[in-house]
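Participant: The structure's right below; bear with me while I get my questions together.
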Amino acid sequence: METAKRVLVYLSKENSPLWRAKFVQGVLGIFAGNQEDNVFVSCGLEKNKFVISDNQFSGSYRVNFQRPSFCPIKNLTSIQVASLPEEVQNRGVDVGVAVIVQSVNKKILLTRRSKTLNIFPNVWVPPGGHIEDGEELLQAGLRELHEETGLHLQEGHFSWSILGLWESAFPPMLSRGLPKRHHIVTYLLVQSTETHLQLQERLYPDEQEVTACAWLDSDIVKHIAAVEDRIKNSGKDMSNLPTTVRITEVNSGSLTQTDLSTATFFNTVPEDGEDVERVSTGTNYALRLWLDTLSTETL
């Protein structure tokens, strides 16, 4: 039953018939070459298939598509592919949707994933998850937002757009094990007409999914977004940033305000051993795209 409900990635290049993306296949590399990590594509949902194409099609969106330079799928050897269990090789590529909620006073919501989750535990990301059978992108994003944070956005009180696509694998580096999950994440920007304080009042996170929430402004986001791949700080001067960030933690159903070291948001992916609390690499990419929308608004 679970397999039947999954929405998978399908591809078309140079007007070819659709084919299902393979788990061990670097999706971005099909459109940009295996050594490239960024390309523009068209994407959209067609009859419960998430289609990515080099040509526009009915109902498609033209978006930026990126992956990290250390993407495990991109760097798999033929020997490593052969060693993957057959059930993993045959999974196909899943589709995720993640929602960056922007308040009217230009703050965005990030959530810390529970330590008990199977993939990316204790990592800061926007709310999100899988697309269910029959859902549209926005519908799936708003459902996941509500399920994870309790936040319901009323129709007519927000606008939305697609920021971009991200190719994601877990574990995030081959040095930490062969990939068990392969996703294309669609990042949505949902711009609310309410302030972050008004939205904060309606937050009731699901503790099984989310252990903390934070509203971040563009000043700190600019520094977080500068942490690309494994390059810490990217030469940015962070001396003017506060040493802590106020977050809302979830503990046995209760919400408490506490301070988290700002440095936590600048942690990068460790090459081995246990993961660390950090902002996911895909989220860094989405934050850069969000900052671009702010720059466009000021022009």
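Note on naming: chains are A, B, ... as they come in the structure tokens, residues start from 1 per chain, ligands start from 1 in the order shown.
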Going by DSSP on the backbone, which residues of segment 9-124 of chain A come out as strand (DSSP E or B)? List them as a PyMOL selection string.

Facilitator: chain A and resi 9-12+19-20+38-46+49-53+61-66+94-102+107-113+123-124

Participant: Might you pull out every residue within 6 Å of segment 212-223 of chain A, with only C-alpha atoms counted and same-chain residues fewer than 5 positions away left off, and present them as a PDB file with C-alpha atoms, in the first residue's frame?

Facilitator:
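Written file, around.pdb:
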```
ATOM      1  CA  LYS A 107      11.056  36.586   9.020  1.00  0.00           C
ATOM      2  CA  ILE A 108      11.110  32.940   8.012  1.00  0.00           C
ATOM      3  CA  LEU A 109      10.322  29.777   9.938  1.00  0.00           C
ATOM      4  CA  LEU A 110      12.803  26.914  10.381  1.00  0.00           C
ATOM      5  CA  THR A 111      12.198  23.758  12.401  1.00  0.00           C
ATOM      6  CA  ARG A 112      14.557  21.313  14.077  1.00  0.00           C
ATOM      7  CA  ILE A 247      13.973  29.512  19.639  1.00  0.00           C
ATOM      8  CA  THR A 248      10.813  27.734  20.792  1.00  0.00           C
ATOM      9  CA  GLU A 249      11.483  24.221  22.101  1.00  0.00           C
ATOM     10  CA  VAL A 250       8.925  21.443  22.447  1.00  0.00           C
TER      11      VAL A 250
END
```

Participant: Residues at most 10 Å from Val279 of chain A, counting only C-alpha atoms, excluding those fewer than 2 positions away in the same chain, as a CSV table (one decimal) with N, CA, C and O atoms, in the first residue's frame?

Facilitator:
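For reference, around_16.csv as written:
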```
chain,number,residue,atom,x,y,z
A,110,LEU,N,12.1,28.2,10.5
A,110,LEU,CA,12.8,26.9,10.4
A,110,LEU,C,12.4,26.0,11.6
A,110,LEU,O,12.1,26.5,12.7
A,111,THR,N,12.5,24.7,11.3
A,111,THR,CA,12.2,23.8,12.4
A,111,THR,C,13.4,22.8,12.6
A,111,THR,O,14.1,22.5,11.6
A,112,ARG,N,13.5,22.3,13.8
A,112,ARG,CA,14.6,21.3,14.1
A,112,ARG,C,13.9,19.9,14.1
A,112,ARG,O,13.0,19.7,14.9
A,122,ASN,N,17.7,15.8,14.0
A,122,ASN,CA,18.3,17.0,14.7
A,122,ASN,C,18.9,18.0,13.8
A,122,ASN,O,19.8,18.8,14.2
A,123,VAL,N,18.4,18.1,12.6
A,123,VAL,CA,18.8,19.1,11.6
A,123,VAL,C,17.7,20.1,11.4
A,123,VAL,O,16.5,19.8,11.4
A,124,TRP,N,18.1,21.4,11.2
A,124,TRP,CA,17.2,22.5,10.9
A,124,TRP,C,16.8,22.6,9.5
A,124,TRP,O,17.7,22.6,8.6
A,125,VAL,N,15.5,22.6,9.2
A,125,VAL,CA,15.0,22.6,7.9
A,125,VAL,C,13.6,23.4,7.9
A,125,VAL,O,13.1,23.6,9.0
A,126,PRO,N,13.1,23.7,6.7
A,126,PRO,CA,11.7,24.2,6.7
A,126,PRO,C,10.8,23.0,6.9
A,126,PRO,O,11.2,21.9,6.6
A,224,ILE,N,24.0,32.5,7.3
A,224,ILE,CA,23.7,31.0,7.3
A,224,ILE,C,23.8,30.6,5.8
A,224,ILE,O,24.4,29.6,5.5
A,225,ALA,N,23.2,31.3,4.9
A,225,ALA,CA,23.2,30.9,3.5
A,225,ALA,C,24.5,31.0,2.9
A,225,ALA,O,24.7,30.3,1.8
A,227,VAL,N,27.1,29.6,4.0
A,227,VAL,CA,27.8,28.4,4.3
A,227,VAL,C,27.5,27.3,3.3
A,227,VAL,O,26.5,26.6,3.4
A,264,THR,N,25.5,27.3,16.1
A,264,THR,CA,24.9,26.1,15.7
A,264,THR,C,24.4,26.1,14.3
A,264,THR,O,24.5,25.1,13.5
A,265,PHE,N,23.9,27.3,13.8
A,265,PHE,CA,23.4,27.4,12.5
A,265,PHE,C,24.5,27.4,11.4
A,265,PHE,O,24.2,27.4,10.2
A,266,PHE,N,25.8,27.5,11.9
A,266,PHE,CA,26.9,27.5,10.9
A,266,PHE,C,27.7,26.2,10.9
A,266,PHE,O,28.7,26.1,10.2
A,267,ASN,N,27.2,25.2,11.6
A,267,ASN,CA,27.8,23.9,11.5
A,267,ASN,C,27.6,23.3,10.1
A,267,ASN,O,26.6,23.6,9.5
A,268,THR,N,28.6,22.5,9.7
A,268,THR,CA,28.6,21.9,8.4
A,268,THR,C,28.6,20.4,8.5
A,268,THR,O,28.8,19.9,9.5
A,269,VAL,N,28.3,19.8,7.3
A,269,VAL,CA,28.2,18.3,7.3
A,269,VAL,C,29.5,17.6,7.7
A,269,VAL,O,30.5,17.8,7.0
A,276,VAL,N,25.8,16.4,13.3
A,276,VAL,CA,25.7,17.5,14.3
A,276,VAL,C,24.5,18.3,14.0
A,276,VAL,O,23.9,18.3,12.9
A,277,GLU,N,24.0,19.1,15.0
A,277,GLU,CA,22.9,20.0,14.8
A,277,GLU,C,23.4,21.1,13.9
A,277,GLU,O,24.4,21.7,14.2
A,281,THR,N,22.1,21.3,4.1
A,281,THR,CA,22.8,21.9,2.9
A,281,THR,C,21.7,22.4,1.9
A,281,THR,O,21.8,23.4,1.3
A,282,GLY,N,20.6,21.6,1.8
A,282,GLY,CA,19.6,22.0,0.9
A,282,GLY,C,18.8,23.2,1.4
A,282,GLY,O,18.4,24.1,0.6
A,283,THR,N,18.7,23.3,2.7
A,283,THR,CA,18.1,24.5,3.3
A,283,THR,C,18.9,25.8,3.0
A,283,THR,O,18.4,26.8,2.7
A,284,ASN,N,20.3,25.6,3.1
A,284,ASN,CA,21.2,26.7,2.8
A,284,ASN,C,20.9,27.2,1.4
A,284,ASN,O,20.8,28.4,1.1
```

Participant: Name the residues in contact with Gln139 of chain A at a cut-off of 12 Å, using only C-alpha atoms, excluding same-chain residues fewer than 5 positions from it; report them as a count of residues only.

Facilitator: 19

Participant: Determine the nearest neighbour of Ser192 of chain A from the options A:Leu138, A:Leu165, A:Leu241, A:Val104, counting only C-alpha atoms.

Facilitator: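 So, comparing all the options, the nearest one is A:Val104.
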
Participant: Could you pull the residues within 7 Å of His183 of chain A, counting only C-alpha atoms, minus those fewer than 4 positions along the same chain, as a list in words?

Facilitator: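 The residues that qualify are Val93, Asp94, Val95, Gly96, Glu167, Ser168 and Ala169 of chain A.
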
Participant: If you count only C-alpha atoms, which residues fall within 10 Å of Phe23 of chain A, apart from same-chain ones fewer than 2 positions away, as a PyMOL selection string?

Facilitator: chain A and resi 9+20-21+25-27+73+81+88-94+169+179-183

Participant: Just C-alpha atoms for this one: save the residues we selected as a short mmCIF file (atom, residue, chain, number, x, y, z; two decimals), in the first residue's frame.

Facilitator:
```cif
data_model
loop_
_atom_site.label_atom_id
_atom_site.label_comp_id
_atom_site.auth_asym_id
_atom_site.auth_seq_id
_atom_site.Cartn_x
_atom_site.Cartn_y
_atom_site.Cartn_z
CA VAL A 9 10.23 11.45 -10.24
CA ARG A 20 11.05 6.80 -14.22
CA ALA A 21 14.22 8.12 -12.63
CA GLN A 25 20.90 7.92 -11.27
CA GLY A 26 22.00 11.51 -10.68
CA VAL A 27 18.91 13.37 -11.85
CA ILE A 73 24.36 9.75 -5.97
CA VAL A 81 25.99 0.60 -7.06
CA VAL A 88 17.08 0.09 -2.62
CA GLN A 89 18.18 0.12 -6.26
CA ASN A 90 14.57 -0.36 -7.34
CA ARG A 91 13.06 2.35 -5.15
CA GLY A 92 13.03 5.11 -7.73
CA VAL A 93 13.49 8.75 -6.70
CA ASP A 94 11.03 10.19 -4.19
CA ALA A 169 20.42 11.86 -0.55
CA PRO A 179 22.66 6.14 0.16
CA LYS A 180 19.40 4.76 1.53
CA ARG A 181 17.17 7.63 0.36
CA HIS A 182 17.15 9.73 -2.80
CA HIS A 183 14.80 12.71 -3.07
#
```

Participant: Return as a list in words the full set of residues in segment 123-271 of chain A whose backbone-based DSSP assignment is alpha helix (DSSP H).

Facilitator: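 Everything in segment 123-271 of chain A that counts as alpha helix (DSSP H) is Leu137, Leu138, Gln139, Ala140, Gly141, Leu142, Arg143, Glu144, Leu145, His146, Glu147, Glu148, Thr149, His196, Leu197, Gln198, Leu199, Gln200, Ser218, Asp219, Ile220, Val221, Lys222, His223, Ile224 and Ala225 of chain A.
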